[in-house]
Structures are given as structure tokens and as C-alpha cells.
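Engineer: My file is input_34.cif. It has mmCIF, C-alpha atoms:
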```
data_start
#
loop_
_atom_site.label_atom_id
_atom_site.label_comp_id
_atom_site.auth_asym_id
_atom_site.auth_seq_id
_atom_site.Cartn_x
_atom_site.Cartn_y
_atom_site.Cartn_z
CA MET I 137 -37.12 1.53 -4.79
CA PRO I 138 -35.42 3.64 -7.51
CA THR I 139 -34.18 5.95 -4.75
CA GLU I 140 -32.65 3.00 -2.89
CA TYR I 141 -30.90 1.80 -6.05
CA ALA I 142 -29.61 5.31 -6.75
CA SER I 143 -28.20 5.50 -3.22
CA LEU I 144 -26.50 2.12 -3.59
CA ILE I 145 -24.96 3.17 -6.92
CA ASP I 146 -23.71 6.44 -5.41
CA ASN I 147 -22.15 4.54 -2.50
CA LEU I 148 -20.55 2.01 -4.86
CA ILE I 149 -19.07 4.79 -7.02
CA ALA I 150 -17.62 6.46 -3.91
CA ILE I 151 -16.09 3.15 -2.78
CA ILE I 152 -14.57 2.48 -6.21
CA ILE I 153 -13.03 5.97 -6.33
CA ILE I 154 -11.46 5.49 -2.89
CA ASP I 155 -10.12 2.07 -3.92
CA LEU I 156 -8.74 3.45 -7.19
CA VAL I 157 -6.78 6.06 -5.24
CA LEU I 158 -5.04 3.18 -3.47
CA ALA I 159 -4.65 1.09 -6.63
CA GLY I 160 -1.59 3.03 -7.77
CA ASP I 161 0.19 2.52 -4.44
CA ASN I 162 -0.79 -1.16 -4.44
CA ALA I 163 0.58 -1.67 -7.96
CA ILE I 164 3.91 -0.07 -7.03
CA LEU I 165 4.12 -2.07 -3.79
CA ILE I 166 3.42 -5.41 -5.51
CA ALA I 167 5.91 -4.64 -8.29
CA LEU I 168 8.68 -3.80 -5.82
CA ALA I 169 7.92 -6.86 -3.67
CA THR I 170 8.03 -9.27 -6.65
CA LYS I 171 10.79 -7.69 -8.75
CA ASN I 172 13.38 -10.36 -7.86
CA LEU I 173 11.19 -13.38 -8.59
CA GLU I 174 11.29 -15.46 -11.75
CA PRO I 175 8.52 -14.54 -14.27
CA ALA I 176 6.32 -17.53 -13.38
CA LEU I 177 6.59 -16.80 -9.66
CA GLN I 178 6.00 -13.10 -10.31
CA ARG I 179 2.62 -13.80 -11.91
CA LYS I 180 1.69 -16.18 -9.13
CA ALA I 181 2.73 -13.72 -6.40
CA ILE I 182 0.83 -10.86 -8.08
CA LEU I 183 -2.39 -12.89 -8.29
CA TRP I 184 -2.26 -14.36 -4.79
CA GLY I 185 -0.89 -11.16 -3.27
CA SER I 186 -3.76 -9.18 -4.78
CA PHE I 187 -6.29 -11.76 -3.55
CA GLY I 188 -4.79 -11.75 -0.05
CA ALA I 189 -4.81 -7.96 0.03
CA ILE I 190 -8.51 -7.92 -0.89
CA VAL I 191 -9.37 -10.38 1.88
CA ILE I 192 -7.38 -8.39 4.45
CA ARG I 193 -8.95 -5.10 3.31
CA THR I 194 -12.47 -6.56 3.55
CA ILE I 195 -11.85 -7.86 7.07
CA MET I 196 -10.38 -4.50 8.12
CA THR I 197 -13.41 -2.66 6.72
CA ILE I 198 -15.77 -4.88 8.71
CA MET I 199 -13.68 -4.20 11.84
CA ALA I 200 -13.30 -0.45 11.14
CA VAL I 201 -15.16 0.54 14.31
CA TYR I 202 -12.74 -1.49 16.43
CA LEU I 203 -9.70 -0.23 14.52
CA LEU I 204 -10.64 3.32 15.48
CA LYS I 205 -10.19 2.38 19.14
CA ILE I 206 -6.58 1.22 18.75
CA PRO I 207 -4.32 4.06 19.97
CA ALA I 208 -1.56 5.30 17.64
CA LEU I 209 -2.58 2.80 14.94
CA SER I 210 -2.07 5.25 12.06
CA ALA I 211 1.36 6.36 13.34
CA ILE I 212 2.53 2.79 13.87
CA GLY I 213 1.30 1.86 10.40
CA GLY I 214 3.12 4.84 8.88
CA ILE I 215 6.40 3.95 10.56
CA ALA I 216 5.99 0.33 9.48
CA LEU I 217 5.49 1.46 5.88
CA LEU I 218 8.72 3.51 6.02
CA VAL I 219 10.57 0.38 7.12
CA ILE I 220 8.93 -1.67 4.37
CA ALA I 221 9.89 0.96 1.78
CA TYR I 222 13.54 0.72 2.85
CA GLN I 223 13.48 -3.08 2.74
CA LEU I 224 11.98 -3.11 -0.76
CA ILE I 225 14.56 -0.60 -2.02
CA THR I 226 17.52 -2.59 -0.69
CA ASP I 227 16.23 -6.08 -1.59
CA GLN I 228 18.49 -7.58 -4.27
CA ASP I 229 18.11 -11.34 -4.11
CA GLU I 230 19.65 -13.49 -6.82
CA HIS I 231 17.45 -15.66 -9.05
CA ASP I 232 18.44 -19.19 -8.07
CA ASN I 233 15.69 -21.71 -7.31
CA GLN I 234 16.10 -21.85 -3.56
CA VAL I 235 16.07 -18.08 -3.18
CA GLY I 236 13.10 -17.95 -5.54
CA LYS I 237 11.08 -20.17 -3.23
CA THR I 238 12.01 -18.13 -0.17
CA SER I 239 11.41 -14.83 -1.95
CA PHE I 240 7.95 -15.88 -3.12
CA TRP I 241 6.64 -16.28 0.43
CA GLY I 242 8.60 -13.24 1.52
CA ALA I 243 6.96 -11.23 -1.27
CA MET I 244 3.52 -12.52 -0.31
CA ARG I 245 4.07 -11.56 3.31
CA THR I 246 5.33 -8.10 2.37
CA ILE I 247 2.41 -7.44 0.01
CA ILE I 248 -0.29 -8.43 2.50
CA ILE I 249 1.29 -6.67 5.51
CA ALA I 250 2.09 -3.48 3.59
CA ASP I 251 -1.35 -3.37 1.96
CA ALA I 252 -3.01 -3.78 5.35
CA VAL I 253 -0.82 -0.97 6.70
CA MET I 254 -1.54 1.36 3.76
CA GLY I 255 -5.24 0.57 3.92
CA ILE I 256 -5.84 1.83 7.47
CA ASP I 257 -6.91 5.35 6.47
CA ASN I 258 -8.71 4.23 3.34
CA VAL I 259 -10.55 1.44 5.11
CA LEU I 260 -12.14 3.96 7.44
CA ALA I 261 -13.16 6.09 4.45
CA VAL I 262 -14.63 3.07 2.64
CA ALA I 263 -16.48 2.00 5.79
CA GLY I 264 -18.13 5.42 5.90
CA ALA I 265 -18.99 5.43 2.18
CA SER I 266 -20.46 1.92 2.31
CA GLU I 267 -22.82 2.78 5.20
CA GLY I 268 -22.29 -0.74 6.53
CA ASN I 269 -23.06 -2.50 3.23
CA ILE I 270 -20.28 -5.12 3.10
CA PRO I 271 -21.30 -6.57 -0.33
CA LEU I 272 -20.72 -3.10 -1.80
CA VAL I 273 -17.25 -3.03 -0.25
CA ILE I 274 -16.39 -6.40 -1.77
CA ILE I 275 -17.77 -5.43 -5.20
CA GLY I 276 -15.71 -2.23 -5.18
CA LEU I 277 -12.54 -4.11 -4.27
CA LEU I 278 -13.15 -6.81 -6.90
CA ILE I 279 -13.55 -4.16 -9.60
CA CYS I 280 -10.13 -2.76 -8.68
CA ILE I 281 -8.30 -6.13 -8.78
CA PRO I 282 -7.65 -6.10 -12.58
CA ILE I 283 -6.34 -2.54 -12.32
CA VAL I 284 -3.90 -3.47 -9.56
CA ILE I 285 -2.72 -6.60 -11.39
CA PHE I 286 -2.27 -4.78 -14.71
CA GLY I 287 -0.59 -1.83 -13.00
CA SER I 288 1.84 -4.15 -11.18
CA GLN I 289 2.87 -5.78 -14.46
CA VAL I 290 3.42 -2.39 -16.10
CA VAL I 291 5.60 -1.21 -13.20
CA LEU I 292 7.58 -4.48 -13.33
CA LYS I 293 8.30 -3.94 -17.03
CA LEU I 294 9.46 -0.40 -16.29
CA LEU I 295 11.69 -1.66 -13.44
CA GLU I 296 13.37 -4.11 -15.79
CA ARG I 297 14.08 -1.36 -18.30
CA TYR I 298 14.72 1.52 -15.90
CA PRO I 299 16.06 0.17 -12.54
CA TRP I 300 16.17 3.68 -11.07
CA ILE I 301 12.36 3.63 -10.90
CA ILE I 302 12.74 1.58 -7.72
CA TYR I 303 13.62 4.82 -5.94
CA LEU I 304 10.52 6.52 -7.36
CA GLY I 305 8.37 3.65 -6.12
CA GLY I 306 10.08 3.79 -2.73
CA ALA I 307 9.39 7.52 -2.58
CA VAL I 308 5.67 6.91 -3.16
CA LEU I 309 5.55 4.46 -0.23
CA ILE I 310 7.56 6.85 1.97
CA ILE I 311 5.18 9.73 1.24
CA THR I 312 2.21 7.45 2.01
CA GLY I 313 3.84 6.48 5.32
CA VAL I 314 4.40 10.11 6.31
CA GLU I 315 0.79 10.95 5.39
CA MET I 316 -0.37 8.20 7.77
CA ILE I 317 1.79 9.59 10.57
CA ASP I 318 0.35 13.05 9.86
CA HIS I 319 -3.20 11.66 10.23
CA GLU I 320 -2.51 10.27 13.70
CA LYS I 321 -4.77 12.09 16.16
CA LEU I 322 -2.35 11.60 19.07
CA LEU I 323 0.21 13.65 17.12
CA ASP I 324 -2.13 16.61 16.47
CA PRO I 325 0.00 18.95 18.65
CA TRP I 326 2.90 18.43 16.20
CA PHE I 327 1.00 17.87 12.95
CA ASN I 328 -1.92 20.24 12.40
CA ASP I 329 -2.99 23.20 10.27
CA GLN I 330 -1.14 25.62 12.55
CA VAL I 331 2.21 23.88 11.99
CA PRO I 332 1.91 22.36 8.49
CA TYR I 333 5.65 22.63 7.89
CA ASN I 334 6.35 19.83 10.41
CA LYS I 335 4.74 17.34 8.06
CA TYR I 336 6.85 18.48 5.12
CA ILE I 337 10.03 18.54 7.21
CA LEU I 338 9.38 14.92 8.21
CA MET I 339 8.60 14.05 4.59
CA VAL I 340 11.82 15.61 3.24
CA VAL I 341 13.97 14.07 5.99
CA SER I 342 12.38 10.64 5.43
CA LEU I 343 12.81 10.82 1.66
CA ILE I 344 16.44 11.94 1.81
CA GLY I 345 17.34 9.61 4.67
CA ILE I 346 15.65 6.40 3.49
CA LEU I 347 16.43 6.84 -0.22
CA GLY I 348 20.01 7.90 0.55
CA ILE I 349 20.72 5.02 2.93
CA GLY I 350 18.93 2.64 0.56
CA TRP I 351 21.08 3.82 -2.37
CA LYS I 352 24.26 3.26 -0.36
CA ALA I 353 23.10 -0.21 0.73
CA ARG I 354 22.31 -1.19 -2.87
CA SER I 355 25.69 0.15 -4.02
CA LYS I 356 27.52 -2.02 -1.46
CA LYS I 357 25.58 -5.12 -2.55
#
```
Take the structure in the file and give it back as C-alpha cells.

Structural biologist:
Amino acid sequence: MPTEYASLIDNLIAIIIIDLVLAGDNAILIALATKNLEPALQRKAILWGSFGAIVIRTIMTIMAVYLLKIPALSAIGGIALLVIAYQLITDQDEHDNQVGKTSFWGAMRTIIIADAVMGIDNVLAVAGASEGNIPLVIIGLLICIPIVIFGSQVVLKLLERYPWIIYLGGAVLIITGVEMIDHEKLLDPWFNDQVPYNKYILMVVSLIGILGIGWKARSKK
């Protein structure tokens, strides 16, 4: 029995570590998605967005075996995250009531979709670490919720004081997207240990292109 408990604790620690790695990205994503909402709506969006992300991540972990069978899933997710990063960088809604209502649901949609996209690689890692123990997966995710919520609020405060941080947050999402594309097995002929520079070329081009175009779009607005 002690051995079984020790194994469960080891698995739980592994799951928590994997989830914590994602927590930083999640906090940045949620902050960028809710930055244009009124304070009351921001808190609401952060709480419900975090809850929705946890539900989606749990479902994806349970379905990890089936996700592995979807061709080009990691590459599609990476490209989608690049698009989301651009949209979050250029989003500059005004704070009137009507836009606030629309932006709240838009923020919720962005948070859940982007978190599901970012979680593809990590979900597979968590599924392996959990050894099929779904309660452990849920416990690990629940432990990380306060960290994500607190981190999102910290990033929001920094965005209010230093607006340029939006580009730093966008860069984090862009790098995550490129990493997902790099992990796509169908793209192994172009992204592997023999040609590691292709990954960094794509990363540099994506960073310069998306951040540059995003900066111009924000300047026009």
C-alpha cells in the first residue's frame, strides 16, 4: 500500500510540474484576452475562463489516445495560436457597455480555444504521467487554478502600467505556436535535429512578421 501511495504522489507531482509549465502561458493569454474589459468583467472572465480551460483540458486528457490519431493536429494548433496572438495584439476595443458585453464573450471564447490549442502537447504529456488516473489529472489542474488566476491579474496590472508588455506577451504565444509546429511529426523532414535552424528561422520570421504587422495595425487604430 505505501508503494502505491508513493507512486500516486510521484505521478501527481509530475502532473503539477507539467501544468505549472503551462500556467505562465495561460496567465499571459488570459490577461491579453481580458485587457479591454471593465474591471468587474475582467474578474468574471478570468474566473470563468480558467474554469472553462480546466474542463477542456480534462476532456482532452481523457481523449488523448484519440487526439494522437488526428493528422497534423499539432501543426494546425500552432498556426491557430499564431493567429490568436496577432488578434490579441491588435485588439483595442473601447470600454462602452455594449462593447463590454460583446468583448466578454469574445474573451471567453478566445481563452478556451487558445488554451485548448496550447494544451495539445502538454495534454499528451499529462496523460502519460497520470497513467490513466483521471482524478489525479483533475487534482493537478485544480491546484494550478489559483496560480493562473493570480498570474493573470499580475499581468493585467503590468499591462495597465506598461502597455508595451502586450508585445512581450504576444511573443510568448508566438514562440509557443512555433514550438507546436516544430513538434508535428508530419513535418519531421523540415523540423528535426539535422536541420534545427529551420525551427529558429520560422520563429524569427513569425516574431518579426506578426509583431511588426501587429504594431502597425495598433498604430493605425

Engineer: Of the candidates I:Leu173, I:Val290, I:Ile190, I:Met339, which one gets nearest to I:Phe327 if we count only C-alpha atoms?

Structural biologist: I:Met339

Engineer: Please measure the separation of atom CA of I:Asp146 and atom CA of I:Ser210, giving the value in Å to one decimal.

Structural biologist: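 Distance between the two atoms: 27.8 Å.
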
Engineer: Running the PyMOL selection byres ((chain I and resi 303) around 12) on this model by hand, what would come out? Give it as a PyMOL selection string.

Structural biologist: chain I and resi 164-165+168+221-226+295+298-302+304-310+343-344+346-351+354

Engineer: How far is it from atom CA of I:Ile275 to atom CA of I:Ile152, in Å with one decimal?

Structural biologist: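 Distance between the two atoms: 8.6 Å.
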
Engineer: Between stretch 278-351 of chain I and stretch 179-189 of chain I, at 9 Å or less, what are the per-residue closest atom pairs and their distances in Å? Count all atoms listed in the file, order by chain and rising residue number, and return it as a tab-separated table.

Structural biologist:
```
residue	atom	partner	partner_atom	distance
I:Ile281	CA	I:Ser186	CA	6.8
I:Val284	CA	I:Ser186	CA	7.4
I:Ile285	CA	I:Ile182	CA	6.5
I:Ser288	CA	I:Ile182	CA	7.5
I:Gln289	CA	I:Ile182	CA	8.4
```

Engineer: I would like the residues chosen by the PyMOL selection byres ((chain I and resi 273) around 8) on the shown file; could you give them as a PyMOL selection string?

Structural biologist: chain I and resi 148+151+194+197+262-263+266+269-272+274-277

Engineer: Work out how far atom CA of I:Leu209 is from atom CA of I:Phe240, in Å to one decimal.

Structural biologist: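 Between these atoms lies a distance of 28.0 Å.
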
Engineer: For a quick check of understanding, using only C-alpha atoms, which of I:Gly242, I:Gly287, I:Gly345, I:Pro332 has the smallest distance to I:Ala167?

Structural biologist: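 Ranked by minimum distance to I:Ala167, first place goes to I:Gly287.
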
Engineer: Please list as an MDAnalysis selection string every residue within 9 Å of I:Ser342, counting only C-alpha atoms and excluding residues in the same chain fewer than 6 positions away.

Structural biologist: chainID I and resid 218 310:311 314

Engineer: Give me, as a list of chain:residue names, all polymer residues having an atom no more than 8 Å from I:Ala243, counting only C-alpha atoms and skipping those fewer than 2 positions away in the same chain.

Structural biologist: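 Neighbouring residues, sequence-local ones excluded: I:Ala169, I:Thr170, I:Ala181, I:Ser239, I:Phe240, I:Trp241, I:Arg245, I:Thr246, I:Ile247.
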
Engineer: Between I:Asn328, I:Leu278, I:Ile337, I:Leu292, which residue has the minimum interatomic distance to I:Gln178, considering only C-alpha atoms?

Structural biologist: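 The shortest atom-to-atom distance to I:Gln178 comes from I:Leu292.
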